[in-house]
$ cat structure04.csv   # CSV, C-alpha atoms and all ligand atoms
chain,number,residue,atom,x,y,z
A,1,MET,CA,0.7,-145.8,-110.1
A,2,THR,CA,-2.7,-144.8,-108.7
A,3,THR,CA,-3.4,-143.1,-105.4
A,4,ASP,CA,-5.2,-146.4,-104.4
A,5,THR,CA,-1.9,-148.3,-104.7
A,6,PHE,CA,-0.2,-145.8,-102.3
A,7,ALA,CA,-3.0,-146.3,-99.8
A,8,THR,CA,-2.9,-150.1,-99.8
A,9,PRO,CA,-3.3,-151.0,-96.1
A,10,ARG,CA,-0.8,-153.5,-94.7
A,11,TRP,CA,-1.1,-156.5,-92.4
A,12,ARG,CA,-0.4,-155.5,-88.8
A,13,ASP,CA,0.2,-157.6,-85.6
A,14,GLY,CA,-2.9,-158.3,-83.7
A,15,LEU,CA,-5.3,-158.1,-86.7
A,16,GLU,CA,-6.1,-161.7,-86.6
A,17,ASP,CA,-7.1,-161.7,-82.9
A,18,GLU,CA,-9.1,-158.4,-83.2
A,19,TYR,CA,-11.1,-159.8,-86.0
A,20,ALA,CA,-11.4,-163.4,-84.8
A,21,VAL,CA,-15.2,-163.5,-84.9
A,22,LEU,CA,-15.5,-161.8,-88.3
A,23,ARG,CA,-12.8,-164.2,-89.6
A,24,GLN,CA,-14.9,-167.2,-88.5
A,25,THR,CA,-18.0,-165.8,-90.3
A,26,LEU,CA,-16.1,-165.0,-93.5
A,27,ASP,CA,-14.3,-168.4,-93.5
A,28,GLN,CA,-17.7,-170.0,-94.0
A,29,LEU,CA,-18.8,-167.7,-96.8
A,30,ILE,CA,-15.8,-167.0,-99.0
A,31,PRO,CA,-12.6,-169.0,-99.8
A,32,CYS,CA,-10.6,-168.9,-96.6
A,33,LEU,CA,-7.4,-167.9,-98.5
A,34,GLU,CA,-9.1,-164.6,-99.4
A,35,VAL,CA,-9.9,-163.6,-95.8
A,36,PRO,CA,-6.4,-162.5,-94.8
A,37,LEU,CA,-6.3,-160.3,-97.9
A,38,HIS,CA,-9.5,-158.5,-96.9
A,39,LEU,CA,-8.7,-158.0,-93.2
A,40,PRO,CA,-6.3,-155.1,-93.6
A,41,TRP,CA,-8.8,-153.3,-95.9
A,42,ILE,CA,-11.6,-153.9,-93.4
A,43,ASP,CA,-9.5,-152.6,-90.6
A,44,ALA,CA,-8.5,-149.5,-92.5
A,45,ILE,CA,-12.0,-148.8,-93.6
A,46,ASN,CA,-13.4,-149.2,-90.1
A,47,ALA,CA,-10.8,-146.7,-88.7
A,48,LEU,CA,-11.5,-144.2,-91.5
A,49,LYS,CA,-15.2,-144.6,-91.0
A,50,LYS,CA,-14.8,-143.7,-87.3
A,51,ARG,CA,-12.6,-140.7,-88.1
A,52,ARG,CA,-15.1,-139.4,-90.6
A,53,GLY,CA,-18.2,-140.2,-88.4
A,54,ALA,CA,-19.6,-141.9,-91.4
A,55,VAL,CA,-22.2,-144.7,-91.7
A,56,ILE,CA,-21.8,-147.5,-94.2
A,57,MET,CA,-24.9,-149.0,-95.7
A,58,ALA,CA,-24.8,-152.2,-97.8
A,59,HIS,CA,-27.4,-153.8,-99.9
A,60,SER,CA,-28.0,-157.6,-99.5
A,61,TYR,CA,-26.3,-158.2,-102.9
A,62,GLN,CA,-23.0,-156.9,-101.6
A,63,SER,CA,-20.1,-159.3,-101.2
A,64,PRO,CA,-19.8,-160.9,-97.7
A,65,GLU,CA,-16.5,-159.1,-96.8
A,66,ILE,CA,-18.4,-155.8,-97.3
A,67,PHE,CA,-21.8,-156.9,-95.9
A,68,HIS,CA,-20.2,-158.4,-92.7
A,69,GLY,CA,-16.9,-156.6,-92.6
A,70,VAL,CA,-17.7,-152.9,-92.8
A,71,ALA,CA,-21.4,-152.3,-93.1
A,72,ASP,CA,-23.3,-150.6,-90.2
A,73,ILE,CA,-26.7,-151.0,-91.8
A,74,THR,CA,-27.7,-153.7,-94.3
A,75,GLY,CA,-31.0,-154.5,-96.1
A,76,ASP,CA,-33.0,-154.2,-99.2
A,77,SER,CA,-33.2,-150.9,-101.2
A,78,LEU,CA,-36.2,-149.6,-99.3
A,79,ALA,CA,-34.8,-150.4,-95.9
A,80,LEU,CA,-31.5,-148.6,-96.9
A,81,ALA,CA,-33.3,-145.5,-98.2
A,82,GLN,CA,-35.4,-145.3,-95.0
A,83,ALA,CA,-32.3,-145.8,-92.8
A,84,ALA,CA,-30.5,-143.0,-94.6
A,85,ALA,CA,-33.3,-140.6,-93.5
A,86,ASP,CA,-33.3,-141.9,-90.0
A,87,CYS,CA,-29.6,-142.4,-89.2
A,88,ASP,CA,-27.7,-139.9,-87.0
A,89,SER,CA,-24.7,-139.5,-89.3
A,90,ASP,CA,-24.4,-136.7,-91.9
A,91,LEU,CA,-22.1,-138.8,-94.0
A,92,ILE,CA,-23.4,-141.9,-95.7
A,93,VAL,CA,-21.5,-144.4,-97.9
A,94,LEU,CA,-24.0,-146.4,-99.9
A,95,CYS,CA,-22.6,-149.7,-101.0
A,96,GLY,CA,-25.1,-150.6,-103.7
A,97,VAL,CA,-26.1,-149.3,-107.1
A,98,HIS,CA,-26.6,-145.7,-108.2
A,99,PHE,CA,-30.4,-145.6,-107.9
A,100,MET,CA,-30.2,-146.7,-104.3
A,101,ALA,CA,-27.8,-143.9,-103.5
A,102,GLU,CA,-30.1,-141.5,-105.2
A,103,SER,CA,-33.1,-142.7,-103.2
A,104,ALA,CA,-31.1,-142.2,-100.0
A,105,LYS,CA,-30.2,-138.6,-101.1
A,106,ILE,CA,-33.8,-137.9,-102.1
A,107,LEU,CA,-35.0,-139.0,-98.6
A,108,ALA,CA,-32.1,-137.4,-96.8
A,109,PRO,CA,-31.2,-134.3,-98.8
A,110,GLU,CA,-29.3,-132.5,-96.0
A,111,LYS,CA,-26.8,-135.4,-95.8
A,112,THR,CA,-23.8,-136.2,-97.9
A,113,VAL,CA,-24.3,-139.5,-99.8
A,114,LEU,CA,-21.3,-141.1,-101.3
A,115,ILE,CA,-21.1,-144.1,-103.6
A,116,PRO,CA,-17.7,-145.9,-104.1
A,117,ASP,CA,-18.2,-146.3,-107.9
A,118,LEU,CA,-20.4,-143.9,-109.9
A,119,GLU,CA,-20.6,-146.5,-112.7
A,120,ALA,CA,-22.5,-149.0,-110.5
A,121,GLY,CA,-25.7,-148.9,-112.5
A,122,CYS,CA,-28.7,-151.2,-113.2
A,123,SER,CA,-30.1,-152.6,-116.4
A,124,LEU,CA,-33.7,-151.7,-115.3
A,125,ALA,CA,-32.8,-148.1,-114.3
A,126,SER,CA,-31.1,-147.5,-117.6
A,127,SER,CA,-34.0,-149.0,-119.7
A,128,ILE,CA,-36.1,-145.9,-119.3
A,129,ASN,CA,-35.8,-142.1,-119.0
A,130,ALA,CA,-38.0,-139.2,-118.1
A,131,ALA,CA,-39.0,-138.5,-121.8
A,132,ASP,CA,-40.1,-142.1,-122.1
A,133,VAL,CA,-42.4,-141.7,-119.1
A,134,ARG,CA,-43.9,-138.5,-120.5
A,135,ALA,CA,-44.5,-140.2,-123.9
A,136,LEU,CA,-46.3,-143.1,-122.1
A,137,ARG,CA,-48.5,-140.6,-120.3
A,138,ARG,CA,-49.4,-139.0,-123.7
A,139,ARG,CA,-50.3,-142.4,-125.1
A,140,HIS,CA,-52.4,-143.3,-122.0
A,141,PRO,CA,-54.0,-140.1,-120.9
A,142,GLY,CA,-55.3,-140.1,-117.3
A,143,VAL,CA,-53.5,-143.4,-116.4
A,144,PRO,CA,-51.3,-143.1,-113.3
A,145,VAL,CA,-47.7,-144.2,-113.3
A,146,VAL,CA,-46.1,-146.5,-110.7
A,147,SER,CA,-42.4,-146.9,-111.0
A,148,TYR,CA,-40.2,-149.5,-109.4
A,149,ALA,CA,-37.5,-148.2,-107.1
A,150,ASN,CA,-34.9,-149.4,-109.7
A,151,THR,CA,-35.3,-146.2,-111.7
A,152,SER,CA,-33.4,-142.9,-111.9
A,153,ALA,CA,-34.5,-139.8,-109.8
A,154,GLU,CA,-35.7,-138.2,-113.1
A,155,VAL,CA,-38.1,-141.2,-113.8
A,156,LYS,CA,-39.3,-141.2,-110.2
A,157,ALA,CA,-40.0,-137.5,-110.5
A,158,GLU,CA,-42.4,-138.2,-113.5
A,159,SER,CA,-44.3,-140.9,-111.5
A,160,ASP,CA,-47.3,-140.8,-109.2
A,161,ALA,CA,-45.8,-143.3,-106.9
A,162,CYS,CA,-42.8,-145.6,-106.5
A,163,CYS,CA,-42.8,-149.2,-105.3
A,164,THR,CA,-40.4,-152.0,-104.5
A,165,SER,CA,-40.9,-155.7,-105.1
A,166,ALA,CA,-42.0,-155.9,-101.5
A,167,ASN,CA,-45.0,-153.6,-101.9
A,168,ALA,CA,-45.7,-153.5,-105.7
A,169,VAL,CA,-49.2,-155.1,-105.5
A,170,GLN,CA,-50.3,-152.8,-102.6
A,171,VAL,CA,-49.1,-149.7,-104.3
A,172,VAL,CA,-50.7,-150.5,-107.7
A,173,GLU,CA,-54.0,-151.3,-106.1
A,174,ALA,CA,-54.0,-148.1,-103.9
A,175,ILE,CA,-53.0,-145.8,-106.9
A,176,ALA,CA,-55.6,-147.4,-109.2
A,177,ALA,CA,-58.3,-147.0,-106.5
A,178,GLU,CA,-57.3,-143.3,-105.9
A,179,SER,CA,-57.3,-142.4,-109.6
A,180,GLY,CA,-60.5,-144.4,-110.4
A,181,ALA,CA,-58.7,-145.4,-113.7
A,182,GLY,CA,-58.7,-149.2,-113.2
A,183,LYS,CA,-55.5,-149.1,-115.1
A,184,VAL,CA,-51.8,-148.3,-114.1
A,185,ILE,CA,-48.7,-147.8,-116.1
A,186,PHE,CA,-46.1,-150.0,-114.4
A,187,LEU,CA,-42.5,-149.6,-115.2
A,188,PRO,CA,-39.8,-150.6,-116.0
A,189,ASP,CA,-39.6,-154.3,-115.2
A,190,ARG,CA,-42.0,-156.3,-117.5
A,191,TYR,CA,-41.4,-159.5,-115.4
A,192,LEU,CA,-42.2,-157.9,-112.1
A,193,GLY,CA,-45.1,-156.2,-113.8
A,194,SER,CA,-46.6,-159.5,-115.1
A,195,TRP,CA,-46.1,-161.1,-111.6
A,196,VAL,CA,-48.0,-158.1,-110.1
A,197,ALA,CA,-50.7,-158.4,-112.8
A,198,GLN,CA,-51.4,-162.0,-111.7
A,199,GLN,CA,-52.3,-160.8,-108.3
A,200,THR,CA,-54.6,-157.9,-109.0
A,201,ASP,CA,-57.6,-157.0,-111.2
A,202,VAL,CA,-55.9,-153.7,-112.1
A,203,GLU,CA,-55.0,-153.6,-115.8
A,204,LEU,CA,-51.2,-152.9,-116.2
A,205,VAL,CA,-49.5,-151.2,-119.1
A,206,LEU,CA,-45.9,-152.6,-119.0
A,207,TRP,CA,-42.5,-151.3,-120.2
A,208,ASN,CA,-40.0,-153.6,-121.8
A,209,GLY,CA,-37.3,-153.5,-119.1
A,210,THR,CA,-35.6,-156.5,-117.6
A,211,CYS,CA,-33.0,-157.2,-115.0
A,212,GLU,CA,-29.9,-158.6,-116.8
A,213,VAL,CA,-29.1,-160.8,-113.8
A,214,HIS,CA,-32.5,-162.4,-113.0
A,215,GLU,CA,-33.6,-162.8,-116.7
A,216,THR,CA,-30.8,-165.3,-117.3
A,217,PHE,CA,-32.3,-168.0,-115.1
A,218,THR,CA,-34.3,-170.7,-117.0
A,219,ALA,CA,-37.1,-172.9,-116.0
A,220,GLN,CA,-35.1,-176.0,-117.0
A,221,GLN,CA,-32.2,-174.9,-114.7
A,222,VAL,CA,-34.7,-174.5,-111.8
A,223,ARG,CA,-36.2,-178.0,-112.4
A,224,HIS,CA,-32.8,-179.6,-112.7
A,225,THR,CA,-31.7,-178.0,-109.4
A,226,ARG,CA,-34.9,-179.1,-107.6
A,227,GLU,CA,-34.6,-182.7,-108.8
A,228,GLN,CA,-30.8,-183.1,-108.4
A,229,PHE,CA,-30.6,-181.5,-104.9
A,230,ASP,CA,-34.2,-182.2,-103.6
A,231,ALA,CA,-34.2,-178.4,-102.8
A,232,ARG,CA,-37.1,-176.0,-102.3
A,233,VAL,CA,-36.9,-173.1,-104.6
A,234,VAL,CA,-37.3,-169.4,-103.8
A,235,ALA,CA,-37.2,-166.9,-106.7
A,236,HIS,CA,-37.2,-163.1,-107.1
A,237,PRO,CA,-40.1,-161.6,-109.1
A,238,GLU,CA,-37.6,-160.1,-111.6
A,239,CYS,CA,-37.2,-163.6,-113.0
A,240,SER,CA,-39.3,-164.7,-116.0
A,241,PRO,CA,-42.8,-166.1,-115.5
A,242,GLU,CA,-41.6,-169.6,-116.6
A,243,VAL,CA,-39.0,-169.5,-113.7
A,244,LEU,CA,-41.5,-168.1,-111.2
A,245,ALA,CA,-44.0,-170.9,-112.1
A,246,GLU,CA,-41.3,-173.4,-110.9
A,247,ALA,CA,-40.8,-171.7,-107.5
A,248,ASP,CA,-42.2,-172.7,-104.2
A,249,PHE,CA,-42.1,-169.1,-103.1
A,250,VAL,CA,-41.8,-165.8,-105.1
A,251,GLY,CA,-40.8,-162.8,-103.0
A,252,SER,CA,-38.7,-159.7,-102.6
A,253,THR,CA,-35.3,-159.6,-101.0
A,254,SER,CA,-36.8,-159.0,-97.5
A,255,ALA,CA,-39.6,-161.5,-98.1
A,256,MET,CA,-37.1,-164.3,-99.0
A,257,GLY,CA,-35.5,-164.0,-95.5
A,258,ARG,CA,-38.9,-164.1,-93.8
A,259,TRP,CA,-39.9,-167.2,-95.8
A,260,LEU,CA,-36.7,-169.0,-94.7
A,261,ALA,CA,-37.3,-168.1,-91.1
A,262,LYS,CA,-40.8,-169.5,-91.3
A,263,GLU,CA,-40.3,-172.6,-93.5
A,264,LYS,CA,-36.8,-173.6,-92.3
A,265,PRO,CA,-36.2,-175.8,-95.4
A,266,ALA,CA,-33.5,-178.5,-95.2
A,267,ARG,CA,-32.2,-177.3,-98.6
A,268,VAL,CA,-33.0,-174.2,-100.6
A,269,ALA,CA,-32.0,-172.8,-104.0
A,270,MET,CA,-32.2,-169.1,-104.1
A,271,ILE,CA,-32.9,-167.9,-107.7
A,272,THR,CA,-31.4,-164.5,-107.4
A,273,GLU,CA,-28.1,-162.6,-107.0
A,274,CYS,CA,-25.4,-164.9,-105.5
A,275,SER,CA,-24.4,-162.7,-102.5
A,276,MET,CA,-28.0,-162.8,-101.2
A,277,ALA,CA,-27.6,-166.5,-100.3
A,278,ASP,CA,-24.1,-165.9,-98.9
A,279,ASN,CA,-25.3,-163.2,-96.6
A,280,LEU,CA,-28.3,-165.2,-95.4
A,281,ARG,CA,-26.3,-168.4,-94.8
A,282,ASN,CA,-24.9,-167.5,-91.4
A,283,GLN,CA,-28.4,-166.5,-90.1
A,284,PHE,CA,-29.6,-170.0,-91.1
A,285,PRO,CA,-26.9,-172.5,-90.2
A,286,ASP,CA,-29.3,-175.4,-90.4
A,287,VAL,CA,-30.3,-174.7,-94.0
A,288,GLN,CA,-28.2,-175.9,-96.8
A,289,PHE,CA,-28.0,-173.3,-99.6
A,290,ILE,CA,-27.7,-174.6,-103.2
A,291,LYS,CA,-26.2,-171.9,-105.4
A,292,PRO,CA,-27.6,-171.7,-108.9
A,293,CYS,CA,-27.1,-167.9,-108.6
A,294,ASN,CA,-25.8,-165.1,-110.8
A,295,LEU,CA,-23.6,-162.2,-109.9
A,296,CYS,CA,-24.8,-158.6,-110.5
A,297,PRO,CA,-21.9,-156.9,-112.3
A,298,HIS,CA,-23.0,-153.5,-111.1
A,299,MET,CA,-23.2,-154.5,-107.4
A,300,LYS,CA,-19.8,-156.1,-107.8
A,301,ARG,CA,-18.2,-152.8,-108.8
A,302,ILE,CA,-18.2,-152.0,-105.1
A,303,THR,CA,-15.1,-153.3,-103.5
A,304,LEU,CA,-13.2,-152.8,-100.2
A,305,PRO,CA,-10.5,-150.7,-102.0
A,306,ASN,CA,-13.0,-148.3,-103.6
A,307,ILE,CA,-14.9,-148.0,-100.3
A,308,HIS,CA,-11.6,-147.1,-98.7
A,309,ALA,CA,-10.9,-144.5,-101.4
A,310,CYS,CA,-14.4,-143.2,-101.1
A,311,LEU,CA,-14.0,-142.5,-97.4
A,312,ARG,CA,-10.4,-141.3,-97.8
A,313,ASP,CA,-11.1,-138.7,-100.6
A,314,LEU,CA,-14.8,-138.2,-99.8
A,315,ARG,CA,-15.7,-139.2,-103.3
A,316,HIS,CA,-18.1,-139.8,-105.2
A,317,GLU,CA,-20.9,-137.6,-104.0
A,318,VAL,CA,-24.4,-138.4,-105.3
A,319,LEU,CA,-26.4,-135.2,-106.1
A,320,VAL,CA,-30.0,-134.8,-107.2
A,321,ALA,CA,-31.2,-131.5,-108.7
A,322,PRO,CA,-33.6,-129.8,-106.2
A,323,GLU,CA,-36.5,-129.6,-108.7
A,324,VAL,CA,-36.2,-133.3,-109.5
A,325,ARG,CA,-35.7,-134.2,-105.9
A,326,VAL,CA,-38.9,-132.6,-104.7
A,327,ARG,CA,-41.0,-134.5,-107.3
A,328,ALA,CA,-39.2,-137.8,-106.8
A,329,ARG,CA,-39.6,-137.4,-103.0
A,330,ALA,CA,-43.4,-137.0,-103.5
A,331,ALA,CA,-43.5,-140.4,-105.4
A,332,LEU,CA,-41.4,-142.1,-102.7
A,333,ASP,CA,-43.5,-140.5,-99.9
A,334,ARG,CA,-46.7,-141.8,-101.6
A,335,MET,CA,-45.3,-145.3,-101.5
A,336,LEU,CA,-44.3,-145.0,-97.9
A,337,ALA,CA,-47.7,-143.6,-97.0
A,338,ILE,CA,-49.5,-146.5,-98.7
A,339,GLY,CA,-47.3,-149.0,-96.8
A,340,ARG,CA,-48.2,-147.3,-93.5
A,341,ARG,CA,-51.9,-147.2,-94.3
A,342,GLU,CA,-51.8,-151.0,-95.1
A,343,ARG,CA,-50.2,-151.8,-91.8
A,344,VAL,CA,-52.9,-150.0,-89.7
B,401,LIG,P1,-34.7,-154.8,-103.5
B,401,LIG,O1,-35.6,-153.6,-103.8
B,401,LIG,O2,-35.4,-156.0,-103.0
B,401,LIG,O3,-33.6,-154.4,-102.6
B,401,LIG,O4,-34.0,-155.3,-104.9
B,401,LIG,C1,-33.3,-154.5,-105.7
B,401,LIG,C2,-32.7,-155.2,-106.8
B,401,LIG,O5,-31.9,-154.6,-107.5
B,401,LIG,C3,-33.1,-156.5,-107.1
B,401,LIG,O6,-32.5,-157.0,-108.2
B,402,LIG,FE1,-30.3,-154.0,-111.3
B,402,LIG,FE2,-30.6,-156.6,-111.7
B,402,LIG,FE3,-28.4,-155.7,-110.6
B,402,LIG,FE4,-30.7,-155.6,-109.2
B,402,LIG,S1,-29.6,-157.4,-109.8
B,402,LIG,S2,-29.2,-153.9,-109.4
B,402,LIG,S3,-32.2,-155.2,-110.9
B,402,LIG,S4,-29.1,-155.3,-112.7
$ encode --input "structure04.csv" --output "structure tokens"
Amino acid sequence: MTTDTFATPRWRDGLEDEYAVLRQTLDQLIPCLEVPLHLPWIDAINALKKRRGAVIMAHSYQSPEIFHGVADITGDSLALAQAAADCDSDLIVLCGVHFMAESAKILAPEKTVLIPDLEAGCSLASSINAADVRALRRRHPGVPVVSYANTSAEVKAESDACCTSANAVQVVEAIAAESGAGKVIFLPDRYLGSWVAQQTDVELVLWNGTCEVHETFTAQQVRHTREQFDARVVAHPECSPEVLAEADFVGSTSAMGRWLAKEKPARVAMITECSMADNLRNQFPDVQFIKPCNLCPHMKRITLPNIHACLRDLRHEVLVAPEVRVRARAALDRMLAIGRRERV
């Protein structure tokens, strides 16, 4: 028997009334039979969180019971890393994948950052390591490196700047202009890279990484969804160029939400991770969400029981070696400075 089994929280009187609003929200997003199973965990996590003075951050790809039930701060990977640096608490539980927790630690080194499952990885982050980046630099001398946030701290440390899908074009153009090279090594996502390349004159050297979730969508599937449901189509730039060519809008996690608010489509198909649509659904009650979506197996390693164990046992701490952290921080800071400059 595991410690988690001993700690299984039980149903108690009053739970249903205390969480009436949450229950209403979750009933619309997940099978209603599941909600009573989640509530004791949510209640126990919220009590532990208070006792520990912790803050729980959840990425938009987290399941609704986590996103709505226990998270204090939600958003895309960039928003979470920035919130980690800005929040008052010294203890952060990052409900997302490992590179996101590392970014939080890099930007908030004095805080304790925990992740409920250390194995929550990412196919993009594991497609490249620091030695690969050094080899790319040897092959393309003088060409600066821009790395997607979906990389390890060691890869960030070898890079001139980081980017997210929300600011990749801006960062590539700024780094190319600063270096005068007219060329940038862009890694590791070849699909995001080719989408960026369509929007800039900067020549990009790409790496062969892909997101195992977004690469499985097909153009035929998107066409079928559009025709069958008369839906508008929004796709994440980690999808293949053929899929992106079928979309009405291509954008990052945060840009998709802004597009929905502006366009207010009657029906939309979100070509991305499944929970993204679930978590947006209650913000847009008049929009009908069609779900040709895929689950990210890494994001789904985070569960209410392992968040509870994480807070109970203060495990698993995410650490970044100081010499790596300082260089990775410089690449993240460069991205943040470019973002600020563009907004002025
Ligand atoms: P964001 O940077 O938009 O949060 O996306 C991260 C991710 O893993 C997308 O698949
Ligand atoms: Fe990585 Fe893709 Fe999962 Fe995002 S959805 S964390 S890119 S594997």
$ closest_residue --input "structure04.csv" --among "A:Leu295, A:Leu91, A:Val202, A:Val172" --to "ligand LIG 401 (chain B)" --atoms "only C-alpha atoms and all ligand atoms"
A:Leu295
$ residues_near_ligand --input "structure04.csv" --ligand "ligand LIG 401 (chain B)" --cutoff "8 Å" --atoms "only C-alpha atoms and all ligand atoms" --output "PyMOL selection string"
chain A and resi 59-60+75-79+97+122+149-150+164-166+211+213-214+236+238+252-254+272-273
$ atom_distance --input "structure04.csv" --atom1 "CA of Gln170 in chain A" --atom2 "CA of Val250 in chain A"
15.7 Å
$ closest_residue --input "structure04.csv" --among "A:Thr25, A:Cys95, A:Val70, A:Pro116" --to "Ala47 in chain A" --atoms "all atoms listed in the file"
A:Val70
$ atom_distance --input "structure04.csv" --atom1 "CA of Met256 in chain A" --atom2 "CA of Ala235 in chain A"
8.1 Å
$ atom_distance --input "structure04.csv" --atom1 "CA of Tyr148 in chain A" --atom2 "atom FE1 of ligand LIG 402 (chain B)"
11.0 Å
$ residues_around --input "structure04.csv" --residues "Asn306 in chain A" --least-positions-apart "2" --cutoff "10 Å" --atoms "all atoms listed in the file" --output "number ranges by chain"
A: 4, 115-117, 301-304, 308-312, 315
$ closest_residue --input "structure04.csv" --among "A:His298, A:Lys264, A:Arg258, A:Arg51" --to "ligand LIG 402 (chain B)" --atoms "all atoms listed in the file"
A:His298
$ closest_residue --input "structure04.csv" --among "A:Val268, A:Ala328, A:Ile307, A:Ala108" --to "Pro292 in chain A" --atoms "only C-alpha atoms"
A:Val268
$ closest_residue --input "structure04.csv" --among "A:Val35, A:Ile56, A:Cys87, A:Leu107" --to "Ala20 in chain A" --atoms "only C-alpha atoms"
A:Val35
$ closest_residue --input "structure04.csv" --among "A:Glu119, A:Asp201, A:Asp160, A:Glu242" --to "ligand LIG 402 (chain B)" --atoms "all atoms listed in the file"
A:Glu119
$ residues_around --input "structure04.csv" --residues "Trp41 in chain A" --least-positions-apart "5" --cutoff "9 Å" --atoms "all atoms listed in the file" --output "short mmCIF file (atom, residue, chain, number, x, y, z; two decimals) with C-alpha atoms, keeping the file's coordinate frame"
data_model
loop_
_atom_site.label_atom_id
_atom_site.label_comp_id
_atom_site.auth_asym_id
_atom_site.auth_seq_id
_atom_site.Cartn_x
_atom_site.Cartn_y
_atom_site.Cartn_z
CA THR A 8 -2.90 -150.10 -99.80
CA PRO A 9 -3.30 -151.00 -96.10
CA ARG A 10 -0.80 -153.50 -94.70
CA ASN A 46 -13.40 -149.20 -90.10
CA LEU A 304 -13.20 -152.80 -100.20
CA PRO A 305 -10.50 -150.70 -102.00
CA HIS A 308 -11.60 -147.10 -98.70
#
$ residues_around --input "structure04.csv" --residues "Thr218 in chain A" --least-positions-apart "6" --cutoff "12 Å" --atoms "only C-alpha atoms" --output "PyMOL selection string"
chain A and resi 224-225+235+239-247+271-272+292-294
$ residues_near_point --input "structure04.csv" --point "(-54.7, -139.7, -118.4)" --cutoff "12 Å" --atoms "all atoms listed in the file" --output "PDB file with C-alpha atoms, in the frame of the given file"
ATOM      1  CA  ARG A 134     -43.900-138.500-120.500  1.00  0.00           C
ATOM      2  CA  ALA A 135     -44.500-140.200-123.900  1.00  0.00           C
ATOM      3  CA  LEU A 136     -46.300-143.100-122.100  1.00  0.00           C
ATOM      4  CA  ARG A 137     -48.500-140.600-120.300  1.00  0.00           C
ATOM      5  CA  ARG A 138     -49.400-139.000-123.700  1.00  0.00           C
ATOM      6  CA  ARG A 139     -50.300-142.400-125.100  1.00  0.00           C
ATOM      7  CA  HIS A 140     -52.400-143.300-122.000  1.00  0.00           C
ATOM      8  CA  PRO A 141     -54.000-140.100-120.900  1.00  0.00           C
ATOM      9  CA  GLY A 142     -55.300-140.100-117.300  1.00  0.00           C
ATOM     10  CA  VAL A 143     -53.500-143.400-116.400  1.00  0.00           C
ATOM     11  CA  PRO A 144     -51.300-143.100-113.300  1.00  0.00           C
ATOM     12  CA  VAL A 145     -47.700-144.200-113.300  1.00  0.00           C
ATOM     13  CA  ASP A 160     -47.300-140.800-109.200  1.00  0.00           C
ATOM     14  CA  SER A 179     -57.300-142.400-109.600  1.00  0.00           C
ATOM     15  CA  GLY A 180     -60.500-144.400-110.400  1.00  0.00           C
ATOM     16  CA  ALA A 181     -58.700-145.400-113.700  1.00  0.00           C
ATOM     17  CA  GLY A 182     -58.700-149.200-113.200  1.00  0.00           C
ATOM     18  CA  LYS A 183     -55.500-149.100-115.100  1.00  0.00           C
ATOM     19  CA  VAL A 184     -51.800-148.300-114.100  1.00  0.00           C
ATOM     20  CA  ILE A 185     -48.700-147.800-116.100  1.00  0.00           C
TER      21      ILE A 185
END
$ residues_around --input "structure04.csv" --residues "Glu158 in chain A" --least-positions-apart "3" --cutoff "10 Å" --atoms "only C-alpha atoms" --output "number ranges by chain"
A: 129-134, 137, 145-147, 153-155, 161, 324, 327-328, 331
